[in-house]
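Novice: So I've got this file, run16.cif, and it contains mmCIF, N, CA and C atoms:
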```cif
data_target
#
loop_
_atom_site.label_atom_id
_atom_site.label_comp_id
_atom_site.auth_asym_id
_atom_site.auth_seq_id
_atom_site.Cartn_x
_atom_site.Cartn_y
_atom_site.Cartn_z
N MET A 1 11.91 145.71 101.80
CA MET A 1 11.60 144.47 101.10
C MET A 1 11.19 143.43 102.14
N ILE A 2 10.03 142.79 101.93
CA ILE A 2 9.51 141.78 102.85
C ILE A 2 9.31 140.50 102.07
N GLY A 3 10.03 139.43 102.43
CA GLY A 3 9.85 138.15 101.77
C GLY A 3 10.08 138.19 100.28
N GLY A 4 10.96 139.05 99.80
CA GLY A 4 11.25 139.16 98.38
C GLY A 4 10.38 140.18 97.66
N ALA A 5 9.35 140.69 98.32
CA ALA A 5 8.48 141.70 97.71
C ALA A 5 8.87 143.08 98.20
N ARG A 6 8.74 144.04 97.34
CA ARG A 6 8.93 145.43 97.72
C ARG A 6 7.58 145.98 98.11
N VAL A 7 7.52 146.72 99.19
CA VAL A 7 6.25 147.28 99.61
C VAL A 7 6.29 148.78 99.35
N HIS A 8 5.35 149.23 98.53
CA HIS A 8 5.21 150.65 98.22
C HIS A 8 3.98 151.14 99.00
N PRO A 9 4.18 151.97 100.03
CA PRO A 9 3.06 152.34 100.92
C PRO A 9 1.85 152.92 100.21
N VAL A 10 2.03 153.82 99.27
CA VAL A 10 0.88 154.41 98.58
C VAL A 10 0.18 153.35 97.74
N GLY A 11 0.95 152.56 97.00
CA GLY A 11 0.36 151.49 96.21
C GLY A 11 -0.37 150.47 97.07
N LEU A 12 0.20 150.18 98.24
CA LEU A 12 -0.43 149.24 99.16
C LEU A 12 -1.76 149.80 99.67
N ALA A 13 -1.79 151.08 100.01
CA ALA A 13 -3.03 151.70 100.48
C ALA A 13 -4.11 151.66 99.40
N VAL A 14 -3.73 151.94 98.16
CA VAL A 14 -4.68 151.89 97.04
C VAL A 14 -5.19 150.46 96.85
N PHE A 15 -4.29 149.49 96.85
CA PHE A 15 -4.67 148.09 96.70
C PHE A 15 -5.65 147.66 97.79
N VAL A 16 -5.31 147.93 99.05
CA VAL A 16 -6.16 147.52 100.17
C VAL A 16 -7.51 148.24 100.11
N GLY A 17 -7.51 149.52 99.79
CA GLY A 17 -8.76 150.26 99.70
C GLY A 17 -9.69 149.69 98.64
N TYR A 18 -9.16 149.47 97.44
CA TYR A 18 -9.98 148.88 96.37
C TYR A 18 -10.43 147.48 96.73
N PHE A 19 -9.55 146.71 97.38
CA PHE A 19 -9.90 145.34 97.75
C PHE A 19 -11.11 145.33 98.68
N PHE A 20 -11.10 146.19 99.70
CA PHE A 20 -12.23 146.21 100.63
C PHE A 20 -13.51 146.72 99.98
N VAL A 21 -13.41 147.71 99.12
CA VAL A 21 -14.59 148.20 98.40
C VAL A 21 -15.14 147.09 97.50
N ASP A 22 -14.26 146.41 96.76
CA ASP A 22 -14.69 145.29 95.91
C ASP A 22 -15.33 144.18 96.74
N LEU A 23 -14.75 143.90 97.89
CA LEU A 23 -15.24 142.84 98.76
C LEU A 23 -16.68 143.13 99.22
N VAL A 24 -16.92 144.34 99.70
CA VAL A 24 -18.25 144.70 100.19
C VAL A 24 -19.26 144.78 99.05
N ARG A 25 -18.87 145.44 97.96
CA ARG A 25 -19.79 145.59 96.82
C ARG A 25 -20.14 144.22 96.21
N SER A 26 -19.14 143.37 96.04
CA SER A 26 -19.39 142.06 95.43
C SER A 26 -20.21 141.17 96.34
N ALA A 27 -19.96 141.22 97.64
CA ALA A 27 -20.74 140.41 98.58
C ALA A 27 -22.21 140.82 98.53
N ALA A 28 -22.47 142.12 98.49
CA ALA A 28 -23.85 142.59 98.41
C ALA A 28 -24.50 142.18 97.09
N LEU A 29 -23.75 142.30 96.00
CA LEU A 29 -24.28 141.93 94.69
C LEU A 29 -24.59 140.44 94.60
N VAL A 30 -23.69 139.59 95.07
CA VAL A 30 -23.92 138.14 95.04
C VAL A 30 -25.11 137.79 95.93
N ALA A 31 -25.21 138.41 97.10
CA ALA A 31 -26.36 138.16 97.97
C ALA A 31 -27.66 138.53 97.27
N TRP A 32 -27.70 139.69 96.62
CA TRP A 32 -28.89 140.14 95.90
C TRP A 32 -29.22 139.17 94.76
N GLN A 33 -28.21 138.77 93.99
CA GLN A 33 -28.45 137.87 92.87
C GLN A 33 -28.96 136.51 93.34
N THR A 34 -28.54 136.09 94.50
CA THR A 34 -28.98 134.81 95.03
C THR A 34 -30.42 134.88 95.51
N LEU A 35 -30.81 136.01 96.08
CA LEU A 35 -32.14 136.13 96.67
C LEU A 35 -33.21 136.60 95.70
N ARG A 36 -32.84 137.30 94.65
CA ARG A 36 -33.84 137.85 93.74
C ARG A 36 -34.54 136.74 92.97
N PRO A 37 -35.76 136.99 92.52
CA PRO A 37 -36.54 135.95 91.84
C PRO A 37 -35.87 135.34 90.61
N GLY A 38 -35.14 136.14 89.83
CA GLY A 38 -34.51 135.63 88.61
C GLY A 38 -33.26 134.80 88.84
N GLY A 39 -32.73 134.83 90.04
CA GLY A 39 -31.51 134.09 90.34
C GLY A 39 -30.27 134.74 89.76
N ILE A 40 -29.22 133.97 89.68
CA ILE A 40 -27.93 134.51 89.25
C ILE A 40 -27.87 134.72 87.74
N GLY A 41 -28.51 133.92 86.96
CA GLY A 41 -28.47 134.11 85.50
C GLY A 41 -27.24 133.48 84.89
N ASN A 42 -26.71 134.13 83.85
CA ASN A 42 -25.57 133.58 83.12
C ASN A 42 -24.26 133.79 83.87
N SER A 43 -23.40 132.81 83.76
CA SER A 43 -22.04 132.95 84.26
C SER A 43 -21.10 132.70 83.08
N ALA A 44 -19.82 132.95 83.28
CA ALA A 44 -18.87 132.79 82.19
C ALA A 44 -17.52 132.36 82.72
N ILE A 45 -16.74 131.78 81.85
CA ILE A 45 -15.34 131.50 82.14
C ILE A 45 -14.54 132.37 81.19
N ILE A 46 -13.67 133.20 81.77
CA ILE A 46 -12.85 134.09 80.95
C ILE A 46 -11.38 133.79 81.18
N GLN A 47 -10.59 134.13 80.21
CA GLN A 47 -9.14 134.00 80.31
C GLN A 47 -8.54 135.39 80.14
N VAL A 48 -7.59 135.74 81.02
CA VAL A 48 -7.00 137.07 80.99
C VAL A 48 -5.48 136.93 80.90
N GLN A 49 -4.91 137.59 79.90
CA GLN A 49 -3.45 137.63 79.72
C GLN A 49 -2.89 138.67 80.68
N MET A 50 -2.00 138.23 81.57
CA MET A 50 -1.41 139.14 82.54
C MET A 50 -0.12 139.75 81.99
N ARG A 51 0.33 140.83 82.62
CA ARG A 51 1.56 141.48 82.19
C ARG A 51 2.75 141.12 83.07
N THR A 52 2.49 140.78 84.32
CA THR A 52 3.59 140.49 85.25
C THR A 52 4.12 139.08 85.03
N ASP A 53 5.40 138.92 85.33
CA ASP A 53 6.05 137.62 85.19
C ASP A 53 6.47 137.05 86.54
N SER A 54 6.07 137.69 87.61
CA SER A 54 6.47 137.28 88.95
C SER A 54 5.50 136.25 89.52
N ASP A 55 6.03 135.14 89.99
CA ASP A 55 5.20 134.12 90.64
C ASP A 55 4.46 134.71 91.83
N LEU A 56 5.16 135.49 92.63
CA LEU A 56 4.56 136.08 93.83
C LEU A 56 3.42 137.03 93.46
N LEU A 57 3.65 137.91 92.51
CA LEU A 57 2.62 138.87 92.13
C LEU A 57 1.42 138.19 91.48
N LEU A 58 1.66 137.19 90.64
CA LEU A 58 0.55 136.44 90.05
C LEU A 58 -0.28 135.74 91.12
N THR A 59 0.39 135.23 92.13
CA THR A 59 -0.31 134.56 93.23
C THR A 59 -1.15 135.55 94.02
N ILE A 60 -0.60 136.73 94.30
CA ILE A 60 -1.37 137.74 95.02
C ILE A 60 -2.59 138.16 94.21
N VAL A 61 -2.43 138.35 92.91
CA VAL A 61 -3.56 138.72 92.05
C VAL A 61 -4.62 137.61 92.10
N ALA A 62 -4.20 136.37 91.92
CA ALA A 62 -5.14 135.25 91.90
C ALA A 62 -5.88 135.14 93.24
N GLU A 63 -5.17 135.28 94.34
CA GLU A 63 -5.80 135.17 95.65
C GLU A 63 -6.77 136.32 95.90
N SER A 64 -6.38 137.53 95.53
CA SER A 64 -7.27 138.67 95.77
C SER A 64 -8.53 138.57 94.92
N LEU A 65 -8.42 138.05 93.71
CA LEU A 65 -9.60 137.86 92.87
C LEU A 65 -10.52 136.77 93.42
N THR A 66 -9.94 135.71 93.94
CA THR A 66 -10.72 134.60 94.46
C THR A 66 -11.41 134.96 95.77
N LEU A 67 -10.79 135.81 96.57
CA LEU A 67 -11.38 136.19 97.86
C LEU A 67 -12.61 137.08 97.71
N VAL A 68 -12.74 137.75 96.58
CA VAL A 68 -13.90 138.62 96.35
C VAL A 68 -15.04 137.76 95.79
N PRO A 69 -16.21 137.78 96.44
CA PRO A 69 -17.33 136.96 95.96
C PRO A 69 -17.71 137.29 94.51
N GLY A 70 -18.11 136.24 93.79
CA GLY A 70 -18.57 136.43 92.42
C GLY A 70 -17.57 135.97 91.37
N SER A 71 -16.35 135.68 91.79
CA SER A 71 -15.36 135.17 90.83
C SER A 71 -14.42 134.22 91.56
N VAL A 72 -13.89 133.27 90.81
CA VAL A 72 -12.91 132.35 91.36
C VAL A 72 -11.91 132.01 90.25
N VAL A 73 -10.64 132.01 90.59
CA VAL A 73 -9.60 131.62 89.63
C VAL A 73 -9.62 130.10 89.55
N ILE A 74 -9.81 129.58 88.35
CA ILE A 74 -9.88 128.13 88.19
C ILE A 74 -8.62 127.55 87.55
N ASP A 75 -7.79 128.42 86.96
CA ASP A 75 -6.55 127.93 86.35
C ASP A 75 -5.57 129.10 86.20
N MET A 76 -4.30 128.77 86.38
CA MET A 76 -3.24 129.74 86.13
C MET A 76 -2.21 129.04 85.24
N ASP A 77 -2.04 129.55 84.04
CA ASP A 77 -1.03 129.02 83.13
C ASP A 77 0.22 129.88 83.29
N ARG A 78 1.15 129.36 84.01
CA ARG A 78 2.35 130.10 84.38
C ARG A 78 3.18 130.50 83.17
N GLU A 79 3.35 129.59 82.24
CA GLU A 79 4.19 129.86 81.07
C GLU A 79 3.59 130.93 80.16
N ARG A 80 2.28 130.90 79.99
CA ARG A 80 1.62 131.89 79.12
C ARG A 80 1.16 133.12 79.90
N ARG A 81 1.30 133.10 81.20
CA ARG A 81 0.91 134.20 82.10
C ARG A 81 -0.58 134.54 81.93
N THR A 82 -1.41 133.52 81.99
CA THR A 82 -2.85 133.73 81.89
C THR A 82 -3.57 133.20 83.13
N LEU A 83 -4.63 133.88 83.50
CA LEU A 83 -5.53 133.41 84.55
C LEU A 83 -6.87 133.10 83.90
N SER A 84 -7.46 131.99 84.30
CA SER A 84 -8.82 131.65 83.87
C SER A 84 -9.71 131.78 85.10
N LEU A 85 -10.81 132.49 84.92
CA LEU A 85 -11.72 132.75 86.04
C LEU A 85 -13.14 132.36 85.68
N HIS A 86 -13.87 131.88 86.67
CA HIS A 86 -15.31 131.68 86.55
C HIS A 86 -15.94 132.90 87.20
N ILE A 87 -16.81 133.58 86.47
CA ILE A 87 -17.46 134.78 87.00
C ILE A 87 -18.97 134.61 86.94
N LEU A 88 -19.63 135.12 87.96
CA LEU A 88 -21.09 135.03 88.06
C LEU A 88 -21.76 136.21 87.38
N HIS A 89 -22.94 135.96 86.91
CA HIS A 89 -23.87 136.96 86.40
C HIS A 89 -23.23 137.92 85.39
N VAL A 90 -23.11 137.43 84.18
CA VAL A 90 -22.67 138.31 83.09
C VAL A 90 -23.87 138.55 82.19
N ARG A 91 -24.02 139.78 81.74
CA ARG A 91 -25.17 140.15 80.92
C ARG A 91 -24.89 139.96 79.43
N ASP A 92 -23.69 140.38 78.99
CA ASP A 92 -23.39 140.34 77.57
C ASP A 92 -21.87 140.38 77.38
N LEU A 93 -21.44 140.44 76.13
CA LEU A 93 -20.01 140.45 75.84
C LEU A 93 -19.32 141.69 76.40
N ALA A 94 -20.01 142.82 76.41
CA ALA A 94 -19.43 144.03 76.98
C ALA A 94 -19.17 143.86 78.48
N ASP A 95 -20.06 143.15 79.17
CA ASP A 95 -19.86 142.88 80.59
C ASP A 95 -18.65 141.97 80.80
N VAL A 96 -18.49 140.98 79.93
CA VAL A 96 -17.32 140.10 80.01
C VAL A 96 -16.04 140.92 79.84
N GLU A 97 -16.03 141.82 78.87
CA GLU A 97 -14.84 142.65 78.64
C GLU A 97 -14.57 143.58 79.81
N SER A 98 -15.62 144.08 80.46
CA SER A 98 -15.40 144.94 81.62
C SER A 98 -14.84 144.13 82.78
N ARG A 99 -15.23 142.87 82.90
CA ARG A 99 -14.66 142.00 83.95
C ARG A 99 -13.19 141.72 83.65
N ARG A 100 -12.87 141.52 82.39
CA ARG A 100 -11.47 141.31 82.00
C ARG A 100 -10.64 142.56 82.35
N ALA A 101 -11.18 143.73 82.06
CA ALA A 101 -10.49 144.98 82.40
C ALA A 101 -10.33 145.13 83.91
N ALA A 102 -11.31 144.68 84.68
CA ALA A 102 -11.22 144.75 86.14
C ALA A 102 -10.09 143.86 86.67
N VAL A 103 -9.88 142.71 86.03
CA VAL A 103 -8.78 141.83 86.43
C VAL A 103 -7.44 142.52 86.15
N LEU A 104 -7.32 143.15 85.00
CA LEU A 104 -6.08 143.86 84.68
C LEU A 104 -5.86 145.04 85.62
N ALA A 105 -6.94 145.70 86.04
CA ALA A 105 -6.81 146.80 87.00
C ALA A 105 -6.32 146.26 88.35
N GLU A 106 -6.83 145.10 88.74
CA GLU A 106 -6.36 144.47 90.00
C GLU A 106 -4.89 144.11 89.89
N GLU A 107 -4.48 143.57 88.73
CA GLU A 107 -3.07 143.26 88.53
C GLU A 107 -2.23 144.53 88.68
N GLU A 108 -2.68 145.62 88.10
CA GLU A 108 -1.92 146.87 88.18
C GLU A 108 -1.79 147.34 89.63
N ARG A 109 -2.87 147.25 90.40
CA ARG A 109 -2.79 147.66 91.80
C ARG A 109 -1.83 146.80 92.59
N VAL A 110 -1.83 145.49 92.33
CA VAL A 110 -0.91 144.58 93.02
C VAL A 110 0.53 144.91 92.65
N VAL A 111 0.80 145.10 91.38
CA VAL A 111 2.17 145.39 90.94
C VAL A 111 2.64 146.73 91.51
N ARG A 112 1.77 147.71 91.53
CA ARG A 112 2.15 149.02 92.09
C ARG A 112 2.34 148.95 93.61
N ALA A 113 1.72 147.99 94.26
CA ALA A 113 1.88 147.83 95.71
C ALA A 113 3.13 147.02 96.08
N PHE A 114 3.48 146.02 95.26
CA PHE A 114 4.53 145.09 95.65
C PHE A 114 5.62 144.86 94.60
N GLY A 115 5.51 145.46 93.43
CA GLY A 115 6.42 145.15 92.33
C GLY A 115 7.72 145.92 92.35
N SER A 116 8.66 145.40 91.58
CA SER A 116 9.95 146.07 91.37
C SER A 116 9.75 147.20 90.37
N PRO A 117 10.71 148.10 90.25
CA PRO A 117 10.59 149.15 89.23
C PRO A 117 10.41 148.59 87.82
N ASP A 118 11.08 147.50 87.48
CA ASP A 118 10.92 146.89 86.15
C ASP A 118 9.50 146.34 85.96
N GLU A 119 8.94 145.74 87.00
CA GLU A 119 7.58 145.19 86.91
C GLU A 119 6.56 146.32 86.77
N ILE A 120 6.79 147.41 87.47
CA ILE A 120 5.89 148.56 87.35
C ILE A 120 5.98 149.15 85.94
N ALA A 121 7.19 149.24 85.40
CA ALA A 121 7.37 149.77 84.04
C ALA A 121 6.69 148.88 83.01
N ALA A 122 6.65 147.56 83.24
CA ALA A 122 6.03 146.64 82.29
C ALA A 122 4.52 146.86 82.18
N LEU A 123 3.92 147.55 83.14
CA LEU A 123 2.49 147.83 83.08
C LEU A 123 2.13 148.74 81.92
N ALA A 124 3.12 149.46 81.39
CA ALA A 124 2.87 150.36 80.26
C ALA A 124 2.59 149.59 78.97
N HIS A 125 2.97 148.33 78.93
CA HIS A 125 2.76 147.50 77.74
C HIS A 125 1.40 146.81 77.80
N ALA A 126 0.85 146.54 76.65
CA ALA A 126 -0.40 145.78 76.58
C ALA A 126 -0.14 144.34 77.01
N PRO A 127 -1.15 143.66 77.56
CA PRO A 127 -0.96 142.26 77.92
C PRO A 127 -0.47 141.46 76.72
N GLY A 128 0.52 140.62 76.95
CA GLY A 128 1.12 139.82 75.89
C GLY A 128 2.26 140.51 75.19
N GLU A 129 2.44 141.82 75.38
CA GLU A 129 3.52 142.56 74.75
C GLU A 129 4.61 142.94 75.73
N ALA A 130 4.37 142.72 77.02
CA ALA A 130 5.36 143.11 78.03
C ALA A 130 6.64 142.33 77.82
N PRO A 131 7.78 143.00 77.92
CA PRO A 131 9.04 142.29 77.77
C PRO A 131 9.20 141.27 78.89
N VAL A 132 9.58 140.07 78.52
CA VAL A 132 9.75 138.98 79.48
C VAL A 132 11.24 138.83 79.74
N ALA A 133 11.58 138.70 81.01
CA ALA A 133 12.99 138.53 81.39
C ALA A 133 13.49 137.19 80.87
N THR A 134 14.80 137.03 80.88
CA THR A 134 15.39 135.80 80.36
C THR A 134 15.10 134.60 81.25
N GLY A 135 14.84 134.82 82.50
CA GLY A 135 14.51 133.73 83.41
C GLY A 135 13.29 134.10 84.22
N ARG A 136 12.64 133.10 84.78
CA ARG A 136 11.47 133.35 85.60
C ARG A 136 11.87 134.04 86.88
N ARG A 137 11.15 135.09 87.23
CA ARG A 137 11.46 135.83 88.45
C ARG A 137 10.64 135.26 89.58
N THR A 138 11.30 134.73 90.57
CA THR A 138 10.63 134.29 91.77
C THR A 138 11.34 134.94 92.94
N PRO A 139 10.67 135.88 93.60
CA PRO A 139 11.32 136.59 94.70
C PRO A 139 11.65 135.68 95.85
#
```
Please express what this file holds, its structure, as C-alpha cells.

Specialist:
Amino acid sequence: MIGGARVHPVGLAVFVGYFFVDLVRSAALVAWQTLRPGGIGNSAIIQVQMRTDSDLLLTIVAESLTLVPGSVVIDMDRERRTLSLHILHVRDLADVESRRAAVLAEEERVVRAFGSPDEIAALAHAPGEAPVATGRRTP
C-alpha cells in the first residue's frame, strides 16, 4: 500500500500500457485534425457516471483523461460521482457513446491498478448501481 492506495502490479502494467498507447494515438489524431483542411469539426461535452467512490481513484481517472490530448475534464461532481469532459472531434451520437465507454474503461483500469477488493468488485455493477459505502472513502 502506497499513500493509501493498493498497487496491483498486473493492473498497473495494463493501466500504464493503455495510457501510453492512448497518449501517442490521441496526440497523432489531434495533430492530424488540427492540420487537415477540414479542421477539428464538432466537439462535445459529455457526462459520465462513475462506479468508484474513492476520491483518490476519481482523481487518478480525471488526471489520466486530461493528460491525453483530445479531452479535458471540466467538472467533477463528487456527490453524484460524475465527470464532465470536453472532447474534440465527435462524428455522431455513436461516437459520443464510444467516448463514454472509453472513460468507463479507463476507470476500470485505474481501479484494477490501485483499488481495494471492494472497489474492484463494484466494477461488476453498472454505473449508478454500484453499492455506495456509508461514508466517503478517502485513502

Novice: Neighbours of segment 21-27 of chain A within 9 Å (only C-alpha atoms; same-chain residues fewer than 3 positions away dropped), as a PDB file with N, CA and C atoms, keeping the file's coordinate frame?

Specialist:
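Ended up saving to result-v4.pdb:
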```pdb
ATOM      1  N   VAL A  16      -5.310 147.930  99.050  1.00  0.00           N
ATOM      2  CA  VAL A  16      -6.160 147.520 100.170  1.00  0.00           C
ATOM      3  C   VAL A  16      -7.510 148.240 100.110  1.00  0.00           C
ATOM      4  N   GLY A  17      -7.510 149.520  99.790  1.00  0.00           N
ATOM      5  CA  GLY A  17      -8.760 150.260  99.700  1.00  0.00           C
ATOM      6  C   GLY A  17      -9.690 149.690  98.640  1.00  0.00           C
ATOM      7  N   TYR A  18      -9.160 149.470  97.440  1.00  0.00           N
ATOM      8  CA  TYR A  18      -9.980 148.880  96.370  1.00  0.00           C
ATOM      9  C   TYR A  18     -10.430 147.480  96.730  1.00  0.00           C
ATOM     10  N   VAL A  30     -23.690 139.590  95.070  1.00  0.00           N
ATOM     11  CA  VAL A  30     -23.920 138.140  95.040  1.00  0.00           C
ATOM     12  C   VAL A  30     -25.110 137.790  95.930  1.00  0.00           C
ATOM     13  N   ALA A  31     -25.210 138.410  97.100  1.00  0.00           N
ATOM     14  CA  ALA A  31     -26.360 138.160  97.970  1.00  0.00           C
ATOM     15  C   ALA A  31     -27.660 138.530  97.270  1.00  0.00           C
ATOM     16  N   TRP A  32     -27.700 139.690  96.620  1.00  0.00           N
ATOM     17  CA  TRP A  32     -28.890 140.140  95.900  1.00  0.00           C
ATOM     18  C   TRP A  32     -29.220 139.170  94.760  1.00  0.00           C
ATOM     19  N   LEU A  67     -10.790 135.810  96.570  1.00  0.00           N
ATOM     20  CA  LEU A  67     -11.380 136.190  97.860  1.00  0.00           C
ATOM     21  C   LEU A  67     -12.610 137.080  97.710  1.00  0.00           C
ATOM     22  N   VAL A  68     -12.740 137.750  96.580  1.00  0.00           N
ATOM     23  CA  VAL A  68     -13.900 138.620  96.350  1.00  0.00           C
ATOM     24  C   VAL A  68     -15.040 137.760  95.790  1.00  0.00           C
ATOM     25  N   PRO A  69     -16.210 137.780  96.440  1.00  0.00           N
ATOM     26  CA  PRO A  69     -17.330 136.960  95.960  1.00  0.00           C
ATOM     27  C   PRO A  69     -17.710 137.290  94.510  1.00  0.00           C
ATOM     28  N   GLY A  70     -18.110 136.240  93.790  1.00  0.00           N
ATOM     29  CA  GLY A  70     -18.570 136.430  92.420  1.00  0.00           C
ATOM     30  C   GLY A  70     -17.570 135.970  91.370  1.00  0.00           C
TER      31      GLY A  70
END
```

Novice: Within 12 Å of Arg80 of chain A, counting only C-alpha atoms, which residues qualify if same-chain residues fewer than 5 places away don't, as a PyMOL selection string?

Specialist: chain A and resi 47-53+58+75+127-130+132+136

Novice: From the list A:Val111, A:Phe20, A:Asp77, A:Leu35, which residue is nearest Val61 of chain A when using all atoms listed in the file?

Specialist: A:Val111

Novice: Could you check how far atom C of Phe114 of chain A sits from atom N of Val73 of chain A, in Å to one decimal?

Specialist: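 Interatomic distance here is 21.1 Å.
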
Novice: Skip Ala62 of chain A itself and residues of its chain fewer than 4 positions away, then list as a PyMOL selection string all residues within 10 Å of it, counting only C-alpha atoms.

Specialist: chain A and resi 56-58+66-67+72-76+83-85+103+106-107

Novice: From a backbone DSSP assignment, name each residue in segment 5-89 of chain A labelled strand (DSSP E or B), as an NGL selection string.

Specialist: :A and (5 or 44-49 or 54 or 71-77 or 82-87)

Novice: Would you compute the distance between atom CA of Glu119 of chain A and atom N of Thr82 of chain A? Give it in Å to one decimal.

Specialist: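 If I compute the distance from atom CA of Glu119 of chain A to atom N of Thr82 of chain A, I get 15.5 Å.
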
Novice: In Å, with one decimal, what is the gap from atom CA of His86 of chain A to atom CA of Ala13 of chain A?

Specialist: 27.3 Å

Novice: Restricting the calculation to only C-alpha atoms, which member of A:Ala113, A:Ala101, A:Ala124, A:Ile46 is positioned closest to Val7 of chain A?

Specialist: A:Ala113

Novice: Report as a list in words the full result of the PyMOL selection byres (((chain A and resi 99 and name CA) around 10) and name CA) when it is applied to this structure.

Specialist: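 Applying the PyMOL selection byres (((chain A and resi 99 and name CA) around 10) and name CA) to the structure shown produces Ile46, Val48, Ser71, Leu85, Ile87, Val90, Leu93, Ala94, Asp95, Val96, Glu97, Ser98, Arg100, Ala101, Ala102, Val103, Leu104 and Ala105 of chain A.
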
Novice: Please give the complete set of residues from chain A that DSSP, run on the backbone, assigns to helix (DSSP H, G or I), formatted as a PyMOL selection string.

Specialist: chain A and resi 9-35+55-67+93-114+117-122

Novice: For segment 48-60 of chain A, what centre and edge lengths in Å (one decimal) does the axis-aligned box get once 5 Å is added on each side of all its listed atoms, as JSON?

Specialist:
```
{"center_x": -0.6, "center_y": 137.8, "center_z": 87.4, "size_x": 24.1, "size_y": 17.4, "size_z": 25.3}
```

Novice: Within 6.5 Å of Arg112 of chain A, counting only N, CA and C atoms, which residues show up once you throw out same-chain ones fewer than 2 positions away? Write them as JSON, numbers by chain, please.

Specialist: {"A": [8, 10, 11, 12, 107, 108, 109, 110, 114, 115, 120]}

Novice: Can you patch up segment 118-131 of chain A, filling it in to N, CA, C and O atoms, and show the result as a compact mmCIF listing (two decimals), in the frame of the given file?

Specialist:
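Result went into rebuild.txt, see below:
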```
# COMPACT_ATOMS: atom_id res chain seq x y z
N ASP A 118 11.08 147.50 87.48
CA ASP A 118 10.92 146.89 86.15
C ASP A 118 9.50 146.34 85.96
O ASP A 118 8.93 146.46 84.88
N GLU A 119 8.94 145.74 87.00
CA GLU A 119 7.58 145.19 86.91
C GLU A 119 6.56 146.32 86.77
O GLU A 119 5.59 146.19 86.01
N ILE A 120 6.79 147.41 87.47
CA ILE A 120 5.89 148.56 87.35
C ILE A 120 5.98 149.15 85.94
O ILE A 120 4.97 149.49 85.33
N ALA A 121 7.19 149.24 85.40
CA ALA A 121 7.37 149.77 84.04
C ALA A 121 6.69 148.88 83.01
O ALA A 121 6.19 149.37 82.00
N ALA A 122 6.65 147.56 83.24
CA ALA A 122 6.03 146.64 82.29
C ALA A 122 4.52 146.86 82.18
O ALA A 122 3.90 146.43 81.20
N LEU A 123 3.92 147.55 83.14
CA LEU A 123 2.49 147.83 83.08
C LEU A 123 2.13 148.74 81.92
O LEU A 123 0.98 148.79 81.49
N ALA A 124 3.12 149.46 81.39
CA ALA A 124 2.87 150.36 80.26
C ALA A 124 2.59 149.59 78.97
O ALA A 124 2.03 150.14 78.03
N HIS A 125 2.97 148.33 78.93
CA HIS A 125 2.76 147.50 77.74
C HIS A 125 1.40 146.81 77.80
O HIS A 125 0.89 146.53 78.87
N ALA A 126 0.85 146.54 76.65
CA ALA A 126 -0.40 145.78 76.58
C ALA A 126 -0.14 144.34 77.01
O ALA A 126 0.98 143.84 76.85
N PRO A 127 -1.15 143.66 77.56
CA PRO A 127 -0.96 142.26 77.92
C PRO A 127 -0.47 141.46 76.72
O PRO A 127 -0.94 141.62 75.60
N GLY A 128 0.52 140.62 76.95
CA GLY A 128 1.12 139.82 75.89
C GLY A 128 2.26 140.51 75.19
O GLY A 128 3.02 139.88 74.47
N GLU A 129 2.44 141.82 75.38
CA GLU A 129 3.52 142.56 74.75
C GLU A 129 4.61 142.94 75.73
O GLU A 129 5.64 143.47 75.34
N ALA A 130 4.37 142.72 77.02
CA ALA A 130 5.36 143.11 78.03
C ALA A 130 6.64 142.33 77.82
O ALA A 130 6.62 141.13 77.53
N PRO A 131 7.78 143.00 77.92
CA PRO A 131 9.04 142.29 77.77
C PRO A 131 9.20 141.27 78.89
O PRO A 131 8.93 141.55 80.05
```
